[in-house]
file start25.cif (mmCIF, C-alpha atoms)
data_upload
loop_
_atom_site.label_atom_id
_atom_site.label_comp_id
_atom_site.auth_asym_id
_atom_site.auth_seq_id
_atom_site.Cartn_x
_atom_site.Cartn_y
_atom_site.Cartn_z
CA LEU L 26 13.86 4.60 -7.86
CA LEU L 27 10.76 3.17 -6.24
CA GLU L 28 10.14 6.52 -4.56
CA GLU L 29 10.43 8.24 -7.96
CA LEU L 30 7.83 5.82 -9.32
CA ARG L 31 5.53 6.24 -6.30
CA THR L 32 5.55 10.02 -6.39
CA GLY L 33 4.47 9.98 -10.02
CA ARG L 34 7.64 11.33 -11.58
CA TYR L 35 7.05 8.86 -14.37
CA ALA L 36 3.58 8.22 -15.73
CA GLN L 37 2.07 4.77 -16.20
CA THR L 38 3.57 3.06 -19.29
CA ASP L 39 6.41 5.63 -19.55
CA ARG L 40 9.76 4.40 -20.76
CA LEU L 41 12.42 5.09 -18.17
CA PRO L 42 15.55 6.97 -19.24
CA ALA L 43 18.42 4.91 -20.65
CA GLU L 44 20.28 2.94 -17.99
CA VAL L 45 23.39 5.13 -18.12
CA ASP L 46 21.30 8.32 -17.81
CA LEU L 47 19.16 6.89 -15.01
CA ALA L 48 22.26 5.76 -13.09
CA ALA L 49 23.76 9.25 -13.36
CA GLU L 50 20.45 10.85 -12.38
CA LEU L 51 20.18 8.67 -9.27
CA GLY L 52 23.88 8.94 -8.41
CA VAL L 53 24.55 5.20 -8.51
CA SER L 54 26.57 2.91 -10.73
CA ARG L 55 24.89 0.73 -13.32
CA THR L 56 25.34 -2.55 -11.41
CA PRO L 57 23.16 -1.63 -8.40
CA LEU L 58 20.73 0.06 -10.80
CA ARG L 59 20.40 -3.19 -12.79
CA ASP L 60 19.84 -5.11 -9.55
CA ALA L 61 17.15 -2.62 -8.52
CA LEU L 62 15.47 -2.83 -11.93
CA LEU L 63 15.43 -6.64 -11.78
CA ARG L 64 13.85 -6.49 -8.33
CA LEU L 65 11.28 -3.95 -9.50
CA GLU L 66 10.48 -6.20 -12.44
CA ALA L 67 10.04 -9.19 -10.11
CA GLU L 68 7.57 -7.14 -8.06
CA GLY L 69 5.71 -6.04 -11.20
CA PHE L 70 6.64 -2.34 -11.18
CA VAL L 71 8.57 -2.32 -14.45
CA THR L 72 8.90 -4.43 -17.56
CA ILE L 73 12.38 -4.87 -19.01
CA GLN L 74 12.42 -5.29 -22.77
CA PRO L 75 15.92 -6.25 -23.92
CA ARG L 76 17.44 -3.72 -26.32
CA LYS L 77 14.26 -1.61 -26.12
CA GLY L 78 14.32 -0.25 -22.58
CA VAL L 79 12.58 -0.37 -19.24
CA TYR L 80 8.91 0.54 -19.07
CA ILE L 81 6.64 1.19 -16.13
CA THR L 82 4.15 -1.65 -16.00
CA PRO L 83 0.60 -0.33 -16.23
CA VAL L 84 -1.80 -1.26 -13.48
CA SER L 85 -5.11 -2.54 -14.74
CA ASP L 86 -8.42 -2.38 -12.92
CA ALA L 87 -8.37 -6.20 -12.84
CA PHE L 88 -5.01 -6.12 -11.04
CA VAL L 89 -6.32 -3.63 -8.49
CA LYS L 90 -9.38 -5.77 -7.82
CA SER L 91 -7.30 -8.94 -7.47
CA ALA L 92 -4.70 -7.28 -5.25
CA CYS L 93 -7.37 -5.81 -2.96
CA GLN L 94 -9.07 -9.19 -2.69
CA ILE L 95 -5.79 -10.86 -1.68
CA LEU L 96 -4.90 -8.09 0.78
CA GLY L 97 -8.38 -8.22 2.32
CA ALA L 98 -8.20 -11.97 2.83
CA LEU L 99 -4.68 -11.93 4.30
CA GLU L 100 -5.27 -8.93 6.55
CA ALA L 101 -8.63 -10.26 7.75
CA ASP L 102 -7.06 -13.59 8.67
CA CYS L 103 -4.28 -11.74 10.47
CA LEU L 104 -6.75 -9.55 12.39
CA ASP L 105 -8.71 -12.64 13.37
CA THR L 106 -5.51 -14.29 14.65
CA VAL L 107 -4.16 -11.28 16.58
CA PHE L 108 -7.53 -10.10 17.91
CA PRO L 109 -6.80 -11.28 21.49
CA LEU L 110 -3.55 -9.26 21.46
CA LEU L 111 -5.17 -5.91 20.61
CA THR L 112 -5.25 -3.46 23.50
CA SER L 113 -6.86 -0.07 24.06
CA ARG L 114 -3.47 1.45 23.17
CA HIS L 115 -3.63 -0.21 19.74
CA ILE L 116 -7.16 1.08 19.23
CA ARG L 117 -6.03 4.63 20.10
CA GLN L 118 -3.17 4.28 17.60
CA LEU L 119 -5.65 3.16 14.93
CA GLU L 120 -7.89 6.17 15.66
CA GLU L 121 -4.95 8.59 15.52
CA SER L 122 -3.72 7.07 12.28
CA ASN L 123 -7.17 7.34 10.73
CA LYS L 124 -7.33 11.04 11.68
CA ARG L 125 -3.94 11.66 10.07
CA GLN L 126 -5.09 9.86 6.92
CA GLU L 127 -8.15 12.07 6.76
CA GLN L 128 -6.00 15.19 7.03
CA PHE L 129 -3.70 14.00 4.25
CA LEU L 130 -6.68 13.14 2.09
CA GLU L 131 -8.26 16.58 2.63
CA ARG L 132 -4.98 18.18 1.52
CA ARG L 133 -4.76 15.79 -1.47
CA GLN L 134 -1.39 14.49 -0.22
CA ALA L 135 -1.61 11.03 -1.77
CA VAL L 136 1.89 9.82 -0.94
CA GLU L 137 1.53 10.77 2.73
CA TYR L 138 -1.97 9.29 2.83
CA HIS L 139 -0.76 5.93 1.49
CA ALA L 140 2.16 5.84 3.95
CA GLU L 141 -0.18 6.52 6.88
CA ASN L 142 -2.68 3.97 5.57
CA ALA L 143 0.12 1.38 5.63
CA ARG L 144 0.94 2.39 9.23
CA PHE L 145 -2.74 1.91 10.15
CA HIS L 146 -2.71 -1.67 8.91
CA ASP L 147 0.74 -2.32 10.39
CA ILE L 148 -0.64 -1.66 13.86
CA PHE L 149 -2.38 -5.02 13.86
CA LEU L 150 -0.25 -6.78 11.23
CA SER L 151 2.86 -6.24 13.35
CA LEU L 152 1.29 -8.31 16.14
CA SER L 153 1.44 -11.41 13.93
CA SER L 154 4.29 -13.86 14.17
CA ASN L 155 3.75 -14.85 10.52
CA THR L 156 6.95 -13.70 8.82
CA LEU L 157 5.65 -14.46 5.33
CA LEU L 158 2.79 -12.02 5.77
CA TYR L 159 4.88 -8.89 5.10
CA GLN L 160 6.74 -10.57 2.25
CA THR L 161 3.40 -11.15 0.54
CA ILE L 162 1.59 -7.96 1.50
CA GLY L 163 4.50 -5.55 0.98
CA PRO L 164 4.86 -5.76 -2.81
CA LEU L 165 1.08 -5.65 -3.35
CA ARG L 166 0.77 -2.58 -1.14
CA ARG L 167 3.68 -0.83 -2.84
CA ARG L 168 2.15 -1.56 -6.24
CA LEU L 169 -1.24 -0.16 -5.24
CA ASP L 170 0.39 2.93 -3.73
CA MET L 171 1.52 3.92 -7.21
CA LEU L 172 -2.03 4.80 -8.21
CA PRO L 173 -2.62 8.19 -6.55
CA ASP L 174 -3.93 9.70 -9.79
CA HIS L 175 -6.36 6.90 -10.57
CA PRO L 176 -9.80 8.46 -11.19
CA LEU L 177 -11.35 6.59 -8.27
CA ALA L 178 -8.41 6.97 -5.86
CA TYR L 179 -9.91 9.80 -3.79
CA GLU L 180 -13.35 8.19 -3.51
CA GLN L 181 -11.81 4.83 -2.63
CA ALA L 182 -9.62 6.44 0.02
CA ARG L 183 -12.64 8.20 1.51
CA ALA L 184 -14.50 4.86 1.61
CA ALA L 185 -11.45 3.23 3.23
CA LEU L 186 -11.53 5.82 6.03
CA ASN L 187 -15.16 4.93 6.69
CA ASP L 188 -14.24 1.24 6.73
CA HIS L 189 -11.45 2.02 9.20
CA CYS L 190 -13.99 3.73 11.48
CA ARG L 191 -16.22 0.66 11.34
CA ILE L 192 -13.26 -1.63 12.10
CA ILE L 193 -12.25 0.56 15.05
CA ASP L 194 -15.83 0.65 16.36
CA SER L 195 -16.04 -3.13 16.09
CA LEU L 196 -12.75 -3.50 17.97
CA LYS L 197 -13.97 -1.16 20.70
CA MET L 198 -17.07 -3.33 21.08
CA LYS L 199 -14.84 -6.42 21.05
CA ASN L 200 -16.79 -7.69 18.06
CA ARG L 201 -14.18 -9.81 16.33
CA THR L 202 -16.57 -11.12 13.67
CA ALA L 203 -17.66 -7.64 12.56
CA ALA L 204 -14.10 -6.24 12.43
CA VAL L 205 -12.84 -9.19 10.39
CA SER L 206 -15.88 -9.06 8.10
CA VAL L 207 -15.42 -5.37 7.27
CA LEU L 208 -11.77 -5.96 6.49
CA ARG L 209 -12.37 -9.08 4.39
CA HIS L 210 -15.54 -8.19 2.50
CA GLU L 211 -15.72 -4.42 2.29
CA HIS L 212 -12.38 -2.75 2.83
#
call {"tool": "encode", "arguments": {"input": "start25.cif", "output": "structure tokens"}}
result
Amino acid sequence: LLEELRTGRYAQTDRLPAEVDLAAELGVSRTPLRDALLRLEAEGFVTIQPRKGVYITPVSDAFVKSACQILGALEADCLDTVFPLLTSRHIRQLEESNKRQEQFLERRQAVEYHAENARFHDIFLSLSSNTLLYQTIGPLRRRLDMLPDHPLAYEQARAALNDHCRIIDSLKMKNRTAAVSVLRHEH
């Protein structure tokens, strides 16, 4: 169901099909569907209105700004913490990921771009021993990934690729302060 939401099958603020129809469509019984809907509501993807239906929760510009601010702070702190663990292999992986993102962006493949963007960040996030990091970052990332058709999505993705290049260059120069600053204040 999350994949259906991410790929844009349903537009922002759409009402999802009735529970029985949605269960049949997805090939699951109503009990796991209800559990999934409750989880999606807890993560802010849908709003359940008793006796009225399930609606996709719209994403406001204020939400995007707040989510990006939180992600930037958490990821910058993580990068600062794991900086001594980064190797030339990690830097090569970051470069390769950034190239793949650029290719997806050129082909306007938003879903693939967002997945590769997550892999880029996971290269350094995965070096952290902070288990709560993914529990906090994951839902925010998934929520932002549902905005491929936002008017500024392409321009923001292009800017993100430039930020990634600056982060990579800073890592190559072993400039911890610059890499963390780009991630926290600009990315």
call {"tool": "atom_distance", "arguments": {"input": "start25.cif", "atom1": "CA of Gln128 (chain L)", "atom2": "CA of Ala178 (chain L)"}}
result
15.5 Å
call {"tool": "residues_around", "arguments": {"input": "start25.cif", "residues": "Ile193 (chain L)", "least_positions_apart": "3", "cutoff": "10 Å", "atoms": "all atoms listed in the file", "output": "ChimeraX atom specification"}}
result
/L:115-117,119-120,123,187-190,196-200,204
call {"tool": "closest_residue", "arguments": {"input": "start25.cif", "among": "L:Leu41, L:Ala140, L:Ile148, L:Ala182", "to": "Phe108 (chain L)", "atoms": "all atoms listed in the file"}}
result
L:Ile148
call {"tool": "resolve_selection", "arguments": {"input": "start25.cif", "expression": "the PyMOL selection byres ((chain L and resi 92) around 12)", "output": "JSON, numbers by chain"}}
result
{"L": [84, 85, 86, 87, 88, 89, 90, 91, 93, 94, 95, 96, 97, 98, 99, 100, 161, 162, 163, 164, 165, 166, 167, 168, 169, 170]}
call {"tool": "resolve_selection", "arguments": {"input": "start25.cif", "expression": "the PyMOL selection byres ((chain L and resi 47) around 12)", "output": "PyMOL selection string"}}
result
chain L and resi 26+29+40-46+48-59+61-62+78-79
call {"tool": "closest_residue", "arguments": {"input": "start25.cif", "among": "L:Leu152, L:Leu110, L:Ala143, L:Ala101", "to": "Arg209 (chain L)", "atoms": "all atoms listed in the file"}}
result
L:Ala101
call {"tool": "closest_residue", "arguments": {"input": "start25.cif", "among": "L:Glu131, L:Asp39, L:Asp194, L:Asp60", "to": "Ile81 (chain L)", "atoms": "all atoms listed in the file"}}
result
L:Asp39
call {"tool": "closest_residue", "arguments": {"input": "start25.cif", "among": "L:Gln134, L:Thr106, L:Gln126, L:Asn142", "to": "Thr202 (chain L)", "atoms": "only C-alpha atoms"}}
result
L:Thr106
call {"tool": "axis_aligned_box", "arguments": {"input": "start25.cif", "around": "region 144-160 of chain L", "padding_each_side": "5 Å", "output": "JSON"}}
result
{"center_x": 2.1, "center_y": -6.2, "center_z": 9.2, "size_x": 19.7, "size_y": 27.2, "size_z": 23.9}
call {"tool": "closest_residue", "arguments": {"input": "start25.cif", "among": "L:Ser151, L:Glu68, L:Arg133, L:Arg114", "to": "Tyr179 (chain L)", "atoms": "all atoms listed in the file"}}
result
L:Arg133
call {"tool": "atom_distance", "arguments": {"input": "start25.cif", "atom1": "CA of Glu141 (chain L)", "atom2": "CA of Gln118 (chain L)"}}
result
11.4 Å
call {"tool": "atom_distance", "arguments": {"input": "start25.cif", "atom1": "CA of Val71 (chain L)", "atom2": "CA of Tyr138 (chain L)"}}
result
23.3 Å
call {"tool": "closest_residue", "arguments": {"input": "start25.cif", "among": "L:Ala185, L:Ala67, L:Leu130, L:Leu150", "to": "Cys103 (chain L)", "atoms": "all atoms listed in the file"}}
result
L:Leu150
call {"tool": "residues_around", "arguments": {"input": "start25.cif", "residues": "region 31-33 of chain L", "least_positions_apart": "3", "cutoff": "7 Å", "atoms": "all atoms listed in the file", "output": "PyMOL selection string"}}
result
chain L and resi 27-28+36+136+170-171
